[in-house]
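A quick write-up on the structure given underneath.
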Amino acid sequence: MANKQIEMRKVKKIFKLYSAGVSKRRISSQLGISRNTVSKYIAFFQRYQLTSYEVEAMTQEELHTL
């Protein structure tokens, strides 16, 4: 399904795994989402220069608002 929104807990998990050095392909496989989606969220975190601490501290609503 195109443009289906993923759960915010998965967004946090993407960043946590990526920060731990897990590849985009492996993240995609583990979470059951496309590599393009994983890349999109990683690029978003990098663009806004969010740290892993900041992402973990955010509520699901705050992430959704971003």
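Numbering starts fresh at 1 for the residues of each chain in the structure tokens, the chains themselves are lettered A, B, ... in the order given, and ligands are numbered from 1 as they appear.
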Quick check for you: according to DSSP on this backbone, which residues of chain A are classed as helix (DSSP H, G or I)? Reply as a PDB file with N, CA, C and O atoms, in the first residue's frame.
ATOM      1  N   MET A   8       4.688   4.857  15.023  1.00  0.00           N
ATOM      2  CA  MET A   8       5.777   5.679  15.542  1.00  0.00           C
ATOM      3  C   MET A   8       6.776   4.863  16.351  1.00  0.00           C
ATOM      4  O   MET A   8       7.948   5.177  16.395  1.00  0.00           O
ATOM      5  N   ARG A   9       6.334   3.762  16.931  1.00  0.00           N
ATOM      6  CA  ARG A   9       7.284   2.916  17.662  1.00  0.00           C
ATOM      7  C   ARG A   9       8.284   2.297  16.687  1.00  0.00           C
ATOM      8  O   ARG A   9       9.447   2.104  17.022  1.00  0.00           O
ATOM      9  N   LYS A  10       7.843   2.034  15.458  1.00  0.00           N
ATOM     10  CA  LYS A  10       8.758   1.514  14.443  1.00  0.00           C
ATOM     11  C   LYS A  10       9.735   2.595  14.003  1.00  0.00           C
ATOM     12  O   LYS A  10      10.890   2.304  13.699  1.00  0.00           O
ATOM     13  N   VAL A  11       9.278   3.842  13.969  1.00  0.00           N
ATOM     14  CA  VAL A  11      10.160   4.952  13.606  1.00  0.00           C
ATOM     15  C   VAL A  11      11.288   5.045  14.625  1.00  0.00           C
ATOM     16  O   VAL A  11      12.469   5.186  14.263  1.00  0.00           O
ATOM     17  N   LYS A  12      10.953   4.957  15.898  1.00  0.00           N
ATOM     18  CA  LYS A  12      11.979   4.986  16.945  1.00  0.00           C
ATOM     19  C   LYS A  12      12.922   3.796  16.805  1.00  0.00           C
ATOM     20  O   LYS A  12      14.122   3.926  16.974  1.00  0.00           O
ATOM     21  N   LYS A  13      12.376   2.638  16.485  1.00  0.00           N
ATOM     22  CA  LYS A  13      13.180   1.428  16.336  1.00  0.00           C
ATOM     23  C   LYS A  13      14.143   1.568  15.156  1.00  0.00           C
ATOM     24  O   LYS A  13      15.290   1.127  15.240  1.00  0.00           O
ATOM     25  N   ILE A  14      13.685   2.187  14.062  1.00  0.00           N
ATOM     26  CA  ILE A  14      14.562   2.426  12.904  1.00  0.00           C
ATOM     27  C   ILE A  14      15.790   3.196  13.354  1.00  0.00           C
ATOM     28  O   ILE A  14      16.923   2.819  13.061  1.00  0.00           O
ATOM     29  N   PHE A  15      15.565   4.287  14.050  1.00  0.00           N
ATOM     30  CA  PHE A  15      16.682   5.135  14.460  1.00  0.00           C
ATOM     31  C   PHE A  15      17.592   4.424  15.447  1.00  0.00           C
ATOM     32  O   PHE A  15      18.817   4.526  15.371  1.00  0.00           O
ATOM     33  N   LYS A  16      17.009   3.689  16.366  1.00  0.00           N
ATOM     34  CA  LYS A  16      17.806   2.967  17.360  1.00  0.00           C
ATOM     35  C   LYS A  16      18.697   1.927  16.693  1.00  0.00           C
ATOM     36  O   LYS A  16      19.890   1.825  16.989  1.00  0.00           O
ATOM     37  N   LEU A  17      18.129   1.151  15.776  1.00  0.00           N
ATOM     38  CA  LEU A  17      18.904   0.131  15.079  1.00  0.00           C
ATOM     39  C   LEU A  17      19.981   0.756  14.198  1.00  0.00           C
ATOM     40  O   LEU A  17      21.121   0.293  14.169  1.00  0.00           O
ATOM     41  N   TYR A  18      19.628   1.810  13.478  1.00  0.00           N
ATOM     42  CA  TYR A  18      20.586   2.467  12.595  1.00  0.00           C
ATOM     43  C   TYR A  18      21.741   3.062  13.398  1.00  0.00           C
ATOM     44  O   TYR A  18      22.898   2.955  12.999  1.00  0.00           O
ATOM     45  N   SER A  19      21.426   3.646  14.545  1.00  0.00           N
ATOM     46  CA  SER A  19      22.464   4.209  15.412  1.00  0.00           C
ATOM     47  C   SER A  19      23.396   3.125  15.948  1.00  0.00           C
ATOM     48  O   SER A  19      24.557   3.389  16.239  1.00  0.00           O
ATOM     49  N   LYS A  24      20.521  -0.802   6.604  1.00  0.00           N
ATOM     50  CA  LYS A  24      19.150  -0.457   6.204  1.00  0.00           C
ATOM     51  C   LYS A  24      18.393  -1.690   5.739  1.00  0.00           C
ATOM     52  O   LYS A  24      17.205  -1.843   6.017  1.00  0.00           O
ATOM     53  N   ARG A  25      19.079  -2.561   5.031  1.00  0.00           N
ATOM     54  CA  ARG A  25      18.445  -3.793   4.536  1.00  0.00           C
ATOM     55  C   ARG A  25      17.988  -4.677   5.703  1.00  0.00           C
ATOM     56  O   ARG A  25      16.884  -5.221   5.701  1.00  0.00           O
ATOM     57  N   ARG A  26      18.832  -4.813   6.704  1.00  0.00           N
ATOM     58  CA  ARG A  26      18.481  -5.650   7.863  1.00  0.00           C
ATOM     59  C   ARG A  26      17.337  -5.005   8.667  1.00  0.00           C
ATOM     60  O   ARG A  26      16.444  -5.696   9.150  1.00  0.00           O
ATOM     61  N   ILE A  27      17.373  -3.683   8.833  1.00  0.00           N
ATOM     62  CA  ILE A  27      16.291  -2.974   9.531  1.00  0.00           C
ATOM     63  C   ILE A  27      14.980  -3.224   8.806  1.00  0.00           C
ATOM     64  O   ILE A  27      13.953  -3.536   9.414  1.00  0.00           O
ATOM     65  N   SER A  28      15.019  -3.092   7.490  1.00  0.00           N
ATOM     66  CA  SER A  28      13.835  -3.315   6.669  1.00  0.00           C
ATOM     67  C   SER A  28      13.268  -4.708   6.882  1.00  0.00           C
ATOM     68  O   SER A  28      12.067  -4.887   7.081  1.00  0.00           O
ATOM     69  N   SER A  29      14.146  -5.681   6.890  1.00  0.00           N
ATOM     70  CA  SER A  29      13.732  -7.066   7.069  1.00  0.00           C
ATOM     71  C   SER A  29      13.161  -7.306   8.470  1.00  0.00           C
ATOM     72  O   SER A  29      12.120  -7.946   8.627  1.00  0.00           O
ATOM     73  N   GLN A  30      13.824  -6.782   9.488  1.00  0.00           N
ATOM     74  CA  GLN A  30      13.391  -6.997  10.872  1.00  0.00           C
ATOM     75  C   GLN A  30      12.035  -6.364  11.164  1.00  0.00           C
ATOM     76  O   GLN A  30      11.222  -6.924  11.891  1.00  0.00           O
ATOM     77  N   LEU A  31      11.808  -5.164  10.603  1.00  0.00           N
ATOM     78  CA  LEU A  31      10.582  -4.436  10.927  1.00  0.00           C
ATOM     79  C   LEU A  31       9.457  -4.654   9.915  1.00  0.00           C
ATOM     80  O   LEU A  31       8.333  -4.200  10.124  1.00  0.00           O
ATOM     81  N   ARG A  35      12.885  -0.887   2.242  1.00  0.00           N
ATOM     82  CA  ARG A  35      14.166  -0.199   2.414  1.00  0.00           C
ATOM     83  C   ARG A  35      14.038   1.281   2.104  1.00  0.00           C
ATOM     84  O   ARG A  35      14.695   2.109   2.721  1.00  0.00           O
ATOM     85  N   ASN A  36      13.186   1.625   1.140  1.00  0.00           N
ATOM     86  CA  ASN A  36      12.982   3.035   0.806  1.00  0.00           C
ATOM     87  C   ASN A  36      12.388   3.795   1.981  1.00  0.00           C
ATOM     88  O   ASN A  36      12.757   4.942   2.233  1.00  0.00           O
ATOM     89  N   THR A  37      11.480   3.179   2.697  1.00  0.00           N
ATOM     90  CA  THR A  37      10.884   3.809   3.868  1.00  0.00           C
ATOM     91  C   THR A  37      11.929   3.988   4.958  1.00  0.00           C
ATOM     92  O   THR A  37      12.011   5.050   5.591  1.00  0.00           O
ATOM     93  N   VAL A  38      12.735   2.977   5.176  1.00  0.00           N
ATOM     94  CA  VAL A  38      13.814   3.069   6.168  1.00  0.00           C
ATOM     95  C   VAL A  38      14.746   4.214   5.788  1.00  0.00           C
ATOM     96  O   VAL A  38      15.086   5.054   6.621  1.00  0.00           O
ATOM     97  N   SER A  39      15.141   4.283   4.531  1.00  0.00           N
ATOM     98  CA  SER A  39      16.035   5.348   4.055  1.00  0.00           C
ATOM     99  C   SER A  39      15.409   6.723   4.232  1.00  0.00           C
ATOM    100  O   SER A  39      16.091   7.683   4.603  1.00  0.00           O
ATOM    101  N   LYS A  40      14.103   6.819   3.977  1.00  0.00           N
ATOM    102  CA  LYS A  40      13.398   8.097   4.121  1.00  0.00           C
ATOM    103  C   LYS A  40      13.455   8.598   5.557  1.00  0.00           C
ATOM    104  O   LYS A  40      13.766   9.765   5.804  1.00  0.00           O
ATOM    105  N   TYR A  41      13.203   7.722   6.507  1.00  0.00           N
ATOM    106  CA  TYR A  41      13.223   8.134   7.913  1.00  0.00           C
ATOM    107  C   TYR A  41      14.639   8.442   8.393  1.00  0.00           C
ATOM    108  O   TYR A  41      14.850   9.383   9.147  1.00  0.00           O
ATOM    109  N   ILE A  42      15.616   7.679   7.952  1.00  0.00           N
ATOM    110  CA  ILE A  42      17.007   7.958   8.329  1.00  0.00           C
ATOM    111  C   ILE A  42      17.430   9.317   7.783  1.00  0.00           C
ATOM    112  O   ILE A  42      18.066  10.107   8.489  1.00  0.00           O
ATOM    113  N   ALA A  43      17.073   9.606   6.539  1.00  0.00           N
ATOM    114  CA  ALA A  43      17.393  10.910   5.950  1.00  0.00           C
ATOM    115  C   ALA A  43      16.720  12.040   6.727  1.00  0.00           C
ATOM    116  O   ALA A  43      17.308  13.108   6.939  1.00  0.00           O
ATOM    117  N   PHE A  44      15.510  11.792   7.190  1.00  0.00           N
ATOM    118  CA  PHE A  44      14.781  12.785   7.982  1.00  0.00           C
ATOM    119  C   PHE A  44      15.527  13.084   9.276  1.00  0.00           C
ATOM    120  O   PHE A  44      15.745  14.240   9.628  1.00  0.00           O
ATOM    121  N   PHE A  45      15.949  12.028   9.972  1.00  0.00           N
ATOM    122  CA  PHE A  45      16.686  12.214  11.230  1.00  0.00           C
ATOM    123  C   PHE A  45      17.984  12.967  10.991  1.00  0.00           C
ATOM    124  O   PHE A  45      18.355  13.837  11.769  1.00  0.00           O
ATOM    125  N   GLN A  46      18.664  12.638   9.913  1.00  0.00           N
ATOM    126  CA  GLN A  46      19.930  13.302   9.603  1.00  0.00           C
ATOM    127  C   GLN A  46      19.722  14.764   9.219  1.00  0.00           C
ATOM    128  O   GLN A  46      20.503  15.625   9.610  1.00  0.00           O
ATOM    129  N   ARG A  47      18.673  15.034   8.465  1.00  0.00           N
ATOM    130  CA  ARG A  47      18.393  16.406   8.033  1.00  0.00           C
ATOM    131  C   ARG A  47      18.145  17.317   9.228  1.00  0.00           C
ATOM    132  O   ARG A  47      18.597  18.456   9.266  1.00  0.00           O
ATOM    133  N   SER A  52      20.179  10.211  19.017  1.00  0.00           N
ATOM    134  CA  SER A  52      19.407   9.062  19.490  1.00  0.00           C
ATOM    135  C   SER A  52      18.720   9.385  20.814  1.00  0.00           C
ATOM    136  O   SER A  52      17.608   8.944  21.071  1.00  0.00           O
ATOM    137  N   TYR A  53      19.375  10.190  21.653  1.00  0.00           N
ATOM    138  CA  TYR A  53      18.771  10.587  22.924  1.00  0.00           C
ATOM    139  C   TYR A  53      17.501  11.405  22.687  1.00  0.00           C
ATOM    140  O   TYR A  53      16.479  11.192  23.340  1.00  0.00           O
ATOM    141  N   GLU A  54      17.560  12.341  21.739  1.00  0.00           N
ATOM    142  CA  GLU A  54      16.397  13.190  21.443  1.00  0.00           C
ATOM    143  C   GLU A  54      15.233  12.367  20.903  1.00  0.00           C
ATOM    144  O   GLU A  54      14.087  12.570  21.308  1.00  0.00           O
ATOM    145  N   VAL A  55      15.535  11.439  20.023  1.00  0.00           N
ATOM    146  CA  VAL A  55      14.471  10.611  19.443  1.00  0.00           C
ATOM    147  C   VAL A  55      13.847   9.727  20.517  1.00  0.00           C
ATOM    148  O   VAL A  55      12.628   9.606  20.589  1.00  0.00           O
ATOM    149  N   GLU A  56      14.656   9.130  21.363  1.00  0.00           N
ATOM    150  CA  GLU A  56      14.128   8.280  22.434  1.00  0.00           C
ATOM    151  C   GLU A  56      13.274   9.076  23.415  1.00  0.00           C
ATOM    152  O   GLU A  56      12.308   8.564  23.968  1.00  0.00           O
ATOM    153  N   ALA A  57      13.624  10.341  23.639  1.00  0.00           N
ATOM    154  CA  ALA A  57      12.894  11.177  24.586  1.00  0.00           C
ATOM    155  C   ALA A  57      11.564  11.678  24.028  1.00  0.00           C
ATOM    156  O   ALA A  57      10.685  12.076  24.786  1.00  0.00           O
ATOM    157  N   GLN A  60       5.348   9.612  21.012  1.00  0.00           N
ATOM    158  CA  GLN A  60       4.871   9.209  19.684  1.00  0.00           C
ATOM    159  C   GLN A  60       4.160  10.354  18.986  1.00  0.00           C
ATOM    160  O   GLN A  60       4.283  10.525  17.785  1.00  0.00           O
ATOM    161  N   GLU A  61       3.468  11.183  19.748  1.00  0.00           N
ATOM    162  CA  GLU A  61       2.769  12.329  19.181  1.00  0.00           C
ATOM    163  C   GLU A  61       3.739  13.360  18.627  1.00  0.00           C
ATOM    164  O   GLU A  61       3.522  13.958  17.581  1.00  0.00           O
ATOM    165  N   GLU A  62       4.840  13.577  19.366  1.00  0.00           N
ATOM    166  CA  GLU A  62       5.857  14.529  18.904  1.00  0.00           C
ATOM    167  C   GLU A  62       6.510  14.064  17.608  1.00  0.00           C
ATOM    168  O   GLU A  62       6.718  14.848  16.702  1.00  0.00           O
ATOM    169  N   LEU A  63       6.803  12.783  17.531  1.00  0.00           N
ATOM    170  CA  LEU A  63       7.373  12.233  16.304  1.00  0.00           C
ATOM    171  C   LEU A  63       6.393  12.377  15.151  1.00  0.00           C
ATOM    172  O   LEU A  63       6.778  12.742  14.048  1.00  0.00           O
ATOM    173  N   HIS A  64       5.155  12.084  15.407  1.00  0.00           N
ATOM    174  CA  HIS A  64       4.120  12.176  14.374  1.00  0.00           C
ATOM    175  C   HIS A  64       4.007  13.615  13.868  1.00  0.00           C
ATOM    176  O   HIS A  64       3.856  13.843  12.668  1.00  0.00           O
ATOM    177  N   THR A  65       4.095  14.583  14.764  1.00  0.00           N
ATOM    178  CA  THR A  65       3.997  15.995  14.398  1.00  0.00           C
ATOM    179  C   THR A  65       5.155  16.408  13.499  1.00  0.00           C
ATOM    180  O   THR A  65       4.962  17.179  12.562  1.00  0.00           O
TER     181      THR A  65
END
